[in-house]
Amino acid sequence: MSQFILETERLSCRMGKRYLLKDITWQVRPGEHWVVYGMNGSGKTTLLSIASGFKHFTAGFLRVFGESYQEDNVLALRKKIGFVSSSFFDGLYSRESILDIVLSAKTGRLSVDDSVTLADAIFAQKLLQSLGLADKLTRQFDMLSKGERQNVLIARALFGRPELLILDEPCNGLDVYNRAYLFNTLESLAPHVTLIYVTHYTDEISPLFGKTLLLKNGAVFAQGDTAALFTDETISRLLGYPVT
C-alpha cells in the first residue's frame, strides 16, 4: 500500500499555450488535513478537479490511493473521494433532481443507474434533510439558491462515506446554521478521513488543518505546516501586498 493517499509529481495542465497548473509536486498522507490557499486563478479548482478524477492533465503524474487513473478504475477511485466544488459541478448539473445528484455518488458518475437501492435512497434523503432540504427532494438543481446547491454537493460528497474529502470553498452561499453544521461535521469526520479544504478566508482555517499548500499563478508557492506558512511575511509575498 502506498504511503500517500494523494501524490503528484511535476503535474501540469495546459490549455492552448496557457498553463493552468505547472509542475505541481505534492504528497498527502492518510489522515492529514490540508488547506489549499491562493488567489482567484491560482489553479486551486483545476488541481482538485484533477485529483478527484474529473479533469485530465497534460504532463507529470498523479496517483490516488496508490493508483493512477485509468479507464478501468476511475469510477472505483472516484467513489472513495467526496468532492464539493460549485465551480466545477454548477457547469454540469441543471435539471437533475437533487436526490439523483446525491445518489450519483454511488456510481462514481454524474448520474444514477439501476444499482441504487431503497436503502441508498433513504440514506440520501436523510443527508438532504439534515441540510435543510427535506421539502425539496425532487426539486431541480437549477431551481435552488446558491447555498442550497452547495448543500446538495455536500450531501453528495458525504454519501459514499469517503476516505478522501475534497472541499472547494464549501462555505460559499451557506447561512450561519449550515456553516456551523459543516464545521461540526468535519470535526466528527476528521479522525476517519483525509481532508483537503480550499478557502479564501483565514477565519475558516481551524487548528484541524495542520498542513497548507499555497498556490500562485498555477504553481506551488510554498507548502508545509500551516502555522509556519500563515505569517504576515509569507502571505504578503503570496498576495503581492502587505497583510496582517
# chains A, B, ... in the order shown; residues from 1 in each chain; ligands from 1

call {"tool": "select_by_dssp", "arguments": {"residues": "range 15-215 of chain A", "states": "strand (DSSP E or B)", "output": "PyMOL selection string"}}
result
chain A and resi 15+18-28+33-37+59-64+67+81-85+97+140+164-168+194-198+211-215

call {"tool": "closest_atom_pairs", "arguments": {"of": "range 35-154 of chain A", "to": "range 169-183 of chain A", "cutoff": "10 Å", "atoms": "only C-alpha atoms", "output": "JSON lines"}}
result
{"residue": "A:Val36", "atom": "CA", "partner": "A:Glu169", "partner_atom": "CA", "distance": 9.8}
{"residue": "A:Lys44", "atom": "CA", "partner": "A:Glu169", "partner_atom": "CA", "distance": 9.9}
{"residue": "A:Thr45", "atom": "CA", "partner": "A:Glu169", "partner_atom": "CA", "distance": 9.2}
{"residue": "A:Phe83", "atom": "CA", "partner": "A:Pro170", "partner_atom": "CA", "distance": 9.8}
{"residue": "A:Val84", "atom": "CA", "partner": "A:Pro170", "partner_atom": "CA", "distance": 6.5}
{"residue": "A:Ser85", "atom": "CA", "partner": "A:Glu169", "partner_atom": "CA", "distance": 6.9}
{"residue": "A:Ser86", "atom": "CA", "partner": "A:Pro170", "partner_atom": "CA", "distance": 8.0}
{"residue": "A:Ser87", "atom": "CA", "partner": "A:Glu169", "partner_atom": "CA", "distance": 8.9}
{"residue": "A:Ser130", "atom": "CA", "partner": "A:Tyr181", "partner_atom": "CA", "distance": 8.9}
{"residue": "A:Leu131", "atom": "CA", "partner": "A:Asn178", "partner_atom": "CA", "distance": 6.9}
{"residue": "A:Gly132", "atom": "CA", "partner": "A:Asn178", "partner_atom": "CA", "distance": 8.4}
{"residue": "A:Ser145", "atom": "CA", "partner": "A:Gly173", "partner_atom": "CA", "distance": 8.2}
{"residue": "A:Lys146", "atom": "CA", "partner": "A:Gly173", "partner_atom": "CA", "distance": 5.5}
{"residue": "A:Gly147", "atom": "CA", "partner": "A:Gly173", "partner_atom": "CA", "distance": 4.1}
{"residue": "A:Glu148", "atom": "CA", "partner": "A:Leu174", "partner_atom": "CA", "distance": 7.7}
{"residue": "A:Arg149", "atom": "CA", "partner": "A:Gly173", "partner_atom": "CA", "distance": 8.7}
{"residue": "A:Gln150", "atom": "CA", "partner": "A:Pro170", "partner_atom": "CA", "distance": 6.9}
{"residue": "A:Asn151", "atom": "CA", "partner": "A:Leu174", "partner_atom": "CA", "distance": 7.8}
{"residue": "A:Leu153", "atom": "CA", "partner": "A:Pro170", "partner_atom": "CA", "distance": 8.8}
{"residue": "A:Ile154", "atom": "CA", "partner": "A:Pro170", "partner_atom": "CA", "distance": 7.7}

call {"tool": "residues_around", "arguments": {"residues": "Asp23 in chain A", "least_positions_apart": "6", "cutoff": "10 Å", "atoms": "only C-alpha atoms", "output": "list in words"}}
result
Thr8, Glu9, Arg10, Leu11, Ser12, Cys13, Ala59, Gly60, Phe61, Gly218, Ala219 and Val220 of chain A

call {"tool": "write_last_selection", "arguments": {"atoms": "all heavy atoms", "output": "mmCIF file, in the first residue's frame"}}
result
data_model
loop_
_atom_site.group_PDB
_atom_site.id
_atom_site.type_symbol
_atom_site.label_atom_id
_atom_site.label_comp_id
_atom_site.auth_asym_id
_atom_site.auth_seq_id
_atom_site.Cartn_x
_atom_site.Cartn_y
_atom_site.Cartn_z
ATOM 1 N N THR A 8 1.382 13.775 -6.409
ATOM 2 C CA THR A 8 1.633 14.316 -7.737
ATOM 3 C C THR A 8 3.121 14.614 -7.886
ATOM 4 O O THR A 8 3.806 14.911 -6.900
ATOM 5 C CB THR A 8 0.844 15.620 -7.999
ATOM 6 O OG1 THR A 8 1.455 16.704 -7.276
ATOM 7 C CG2 THR A 8 -0.600 15.488 -7.589
ATOM 8 N N GLU A 9 3.594 14.526 -9.123
ATOM 9 C CA GLU A 9 4.973 14.915 -9.411
ATOM 10 C C GLU A 9 5.003 15.672 -10.736
ATOM 11 O O GLU A 9 4.579 15.155 -11.769
ATOM 12 C CB GLU A 9 5.893 13.704 -9.492
ATOM 13 C CG GLU A 9 7.359 14.092 -9.707
ATOM 14 C CD GLU A 9 8.307 12.912 -9.598
ATOM 15 O OE1 GLU A 9 7.974 11.945 -8.880
ATOM 16 O OE2 GLU A 9 9.370 12.950 -10.237
ATOM 17 N N ARG A 10 5.435 16.941 -10.669
ATOM 18 C CA ARG A 10 5.525 17.813 -11.844
ATOM 19 C C ARG A 10 4.226 17.786 -12.657
ATOM 20 O O ARG A 10 4.233 17.785 -13.894
ATOM 21 C CB ARG A 10 6.723 17.441 -12.713
ATOM 22 C CG ARG A 10 8.056 17.572 -11.985
ATOM 23 C CD ARG A 10 9.245 17.280 -12.884
ATOM 24 N NE ARG A 10 9.361 18.279 -13.943
ATOM 25 C CZ ARG A 10 9.971 19.470 -13.807
ATOM 26 N NH1 ARG A 10 10.498 19.804 -12.639
ATOM 27 N NH2 ARG A 10 10.045 20.319 -14.805
ATOM 28 N N LEU A 11 3.118 17.774 -11.947
ATOM 29 C CA LEU A 11 1.802 17.738 -12.590
ATOM 30 C C LEU A 11 1.527 19.078 -13.275
ATOM 31 O O LEU A 11 1.657 20.135 -12.656
ATOM 32 C CB LEU A 11 0.725 17.458 -11.542
ATOM 33 C CG LEU A 11 -0.708 17.324 -12.062
ATOM 34 C CD1 LEU A 11 -0.896 15.966 -12.704
ATOM 35 C CD2 LEU A 11 -1.704 17.507 -10.930
ATOM 36 N N SER A 12 1.139 19.016 -14.538
ATOM 37 C CA SER A 12 0.845 20.227 -15.294
ATOM 38 C C SER A 12 -0.449 20.057 -16.070
ATOM 39 O O SER A 12 -0.814 18.942 -16.472
ATOM 40 C CB SER A 12 1.982 20.563 -16.271
ATOM 41 O OG SER A 12 3.192 20.821 -15.581
ATOM 42 N N CYS A 13 -1.126 21.173 -16.279
ATOM 43 C CA CYS A 13 -2.346 21.189 -17.082
ATOM 44 C C CYS A 13 -2.296 22.436 -17.957
ATOM 45 O O CYS A 13 -2.281 23.559 -17.439
ATOM 46 C CB CYS A 13 -3.585 21.197 -16.190
ATOM 47 S SG CYS A 13 -5.151 21.211 -17.090
ATOM 48 N N ALA A 59 0.672 16.740 -18.337
ATOM 49 C CA ALA A 59 2.055 16.295 -18.107
ATOM 50 C C ALA A 59 2.233 15.959 -16.634
ATOM 51 O O ALA A 59 1.441 16.355 -15.778
ATOM 52 C CB ALA A 59 3.056 17.373 -18.528
ATOM 53 N N GLY A 60 3.285 15.185 -16.340
ATOM 54 C CA GLY A 60 3.539 14.758 -14.966
ATOM 55 C C GLY A 60 2.739 13.519 -14.626
ATOM 56 O O GLY A 60 2.202 12.839 -15.496
ATOM 57 N N PHE A 61 2.662 13.205 -13.324
ATOM 58 C CA PHE A 61 1.833 12.063 -12.934
ATOM 59 C C PHE A 61 1.080 12.331 -11.645
ATOM 60 O O PHE A 61 1.431 13.205 -10.848
ATOM 61 C CB PHE A 61 2.647 10.771 -12.845
ATOM 62 C CG PHE A 61 3.447 10.608 -11.575
ATOM 63 C CD1 PHE A 61 2.834 10.219 -10.376
ATOM 64 C CD2 PHE A 61 4.811 10.805 -11.573
ATOM 65 C CE1 PHE A 61 3.567 10.043 -9.218
ATOM 66 C CE2 PHE A 61 5.550 10.637 -10.408
ATOM 67 C CZ PHE A 61 4.931 10.266 -9.232
ATOM 68 N N GLY A 218 -0.750 29.138 -10.760
ATOM 69 C CA GLY A 218 -0.713 27.751 -11.205
ATOM 70 C C GLY A 218 0.472 26.944 -10.724
ATOM 71 O O GLY A 218 0.638 25.793 -11.140
ATOM 72 N N ALA A 219 1.287 27.502 -9.852
ATOM 73 C CA ALA A 219 2.475 26.809 -9.359
ATOM 74 C C ALA A 219 2.480 26.787 -7.829
ATOM 75 O O ALA A 219 1.779 27.563 -7.180
ATOM 76 C CB ALA A 219 3.737 27.490 -9.870
ATOM 77 N N VAL A 220 3.282 25.884 -7.273
ATOM 78 C CA VAL A 220 3.418 25.820 -5.815
ATOM 79 C C VAL A 220 4.259 27.003 -5.344
ATOM 80 O O VAL A 220 5.407 27.169 -5.762
ATOM 81 C CB VAL A 220 4.077 24.499 -5.375
ATOM 82 C CG1 VAL A 220 4.341 24.521 -3.874
ATOM 83 C CG2 VAL A 220 3.192 23.313 -5.738
#

call {"tool": "residues_around", "arguments": {"residues": "range 120-122 of chain A", "least_positions_apart": "6", "cutoff": "12 Å", "atoms": "only C-alpha atoms", "output": "JSON, numbers by chain"}}
result
{"A": [98, 99, 100, 101, 102, 103, 104, 105, 106, 107, 112, 113, 114, 128, 129, 134, 137, 156, 159, 160]}

call {"tool": "closest_residue", "arguments": {"among": "A:Gly210, A:His56, A:Trp34, A:Asp225", "to": "Tyr197 in chain A", "atoms": "only C-alpha atoms"}}
result
A:Trp34

call {"tool": "atom_distance", "arguments": {"atom1": "CA of Leu238 in chain A", "atom2": "CA of Met15 in chain A"}}
result
23.9 Å

call {"tool": "select_by_dssp", "arguments": {"residues": "range 80-169 of chain A", "states": "helix (DSSP H, G or I)", "output": "ChimeraX atom specification"}}
result
/A:86-89,98-106,118-130,134-136,141-143,146-159

call {"tool": "closest_residue", "arguments": {"among": "A:His33, A:Trp26, A:Ile81, A:Glu7", "to": "Ser68 in chain A", "atoms": "only C-alpha atoms"}}
result
A:Glu7

call {"tool": "closest_residue", "arguments": {"among": "A:Val28, A:Thr58, A:Ser97, A:Val243", "to": "Met143 in chain A", "atoms": "only C-alpha atoms"}}
result
A:Ser97

call {"tool": "residues_around", "arguments": {"residues": "range 190-194 of chain A", "least_positions_apart": "6", "cutoff": "8 Å", "atoms": "only C-alpha atoms", "output": "list in words"}}
result
Arg29, Pro30, Gly31, Glu32, His33, Pro162, Glu163, Leu164, Leu165 and Leu208 of chain A

call {"tool": "write_last_selection", "arguments": {"atoms": "N, CA, C and O atoms", "output": "PDB file, in the first residue's frame"}}
result
ATOM      1  N   ARG A  29      -0.532  12.481   2.960  1.00  0.00           N
ATOM      2  CA  ARG A  29      -0.556  11.195   3.659  1.00  0.00           C
ATOM      3  C   ARG A  29      -1.929  10.938   4.275  1.00  0.00           C
ATOM      4  O   ARG A  29      -2.642  11.877   4.616  1.00  0.00           O
ATOM      5  N   PRO A  30      -2.294   9.659   4.427  1.00  0.00           N
ATOM      6  CA  PRO A  30      -3.579   9.347   5.067  1.00  0.00           C
ATOM      7  C   PRO A  30      -3.688  10.000   6.436  1.00  0.00           C
ATOM      8  O   PRO A  30      -2.745   9.974   7.229  1.00  0.00           O
ATOM      9  N   GLY A  31      -4.838  10.616   6.698  1.00  0.00           N
ATOM     10  CA  GLY A  31      -5.080  11.241   7.987  1.00  0.00           C
ATOM     11  C   GLY A  31      -4.628  12.676   8.093  1.00  0.00           C
ATOM     12  O   GLY A  31      -4.951  13.354   9.074  1.00  0.00           O
ATOM     13  N   GLU A  32      -3.887  13.171   7.096  1.00  0.00           N
ATOM     14  CA  GLU A  32      -3.510  14.583   7.099  1.00  0.00           C
ATOM     15  C   GLU A  32      -4.691  15.446   6.660  1.00  0.00           C
ATOM     16  O   GLU A  32      -5.543  15.007   5.897  1.00  0.00           O
ATOM     17  N   HIS A  33      -4.696  16.684   7.128  1.00  0.00           N
ATOM     18  CA  HIS A  33      -5.750  17.627   6.747  1.00  0.00           C
ATOM     19  C   HIS A  33      -5.090  18.892   6.204  1.00  0.00           C
ATOM     20  O   HIS A  33      -4.373  19.588   6.936  1.00  0.00           O
ATOM     21  N   PRO A 162     -16.611   8.790   2.236  1.00  0.00           N
ATOM     22  CA  PRO A 162     -15.327   8.800   1.518  1.00  0.00           C
ATOM     23  C   PRO A 162     -14.116   8.642   2.442  1.00  0.00           C
ATOM     24  O   PRO A 162     -14.166   8.973   3.626  1.00  0.00           O
ATOM     25  N   GLU A 163     -13.026   8.190   1.845  1.00  0.00           N
ATOM     26  CA  GLU A 163     -11.740   8.146   2.541  1.00  0.00           C
ATOM     27  C   GLU A 163     -10.980   9.450   2.374  1.00  0.00           C
ATOM     28  O   GLU A 163     -10.141   9.802   3.197  1.00  0.00           O
ATOM     29  N   LEU A 164     -11.252  10.153   1.273  1.00  0.00           N
ATOM     30  CA  LEU A 164     -10.660  11.455   0.991  1.00  0.00           C
ATOM     31  C   LEU A 164     -11.796  12.426   0.693  1.00  0.00           C
ATOM     32  O   LEU A 164     -12.628  12.171  -0.181  1.00  0.00           O
ATOM     33  N   LEU A 165     -11.840  13.532   1.424  1.00  0.00           N
ATOM     34  CA  LEU A 165     -12.900  14.522   1.256  1.00  0.00           C
ATOM     35  C   LEU A 165     -12.261  15.828   0.804  1.00  0.00           C
ATOM     36  O   LEU A 165     -11.441  16.411   1.513  1.00  0.00           O
ATOM     37  N   LEU A 208      -7.656  22.238  13.003  1.00  0.00           N
ATOM     38  CA  LEU A 208      -7.777  20.912  12.409  1.00  0.00           C
ATOM     39  C   LEU A 208      -6.831  20.740  11.220  1.00  0.00           C
ATOM     40  O   LEU A 208      -6.312  19.645  10.978  1.00  0.00           O
TER      41      LEU A 208
END
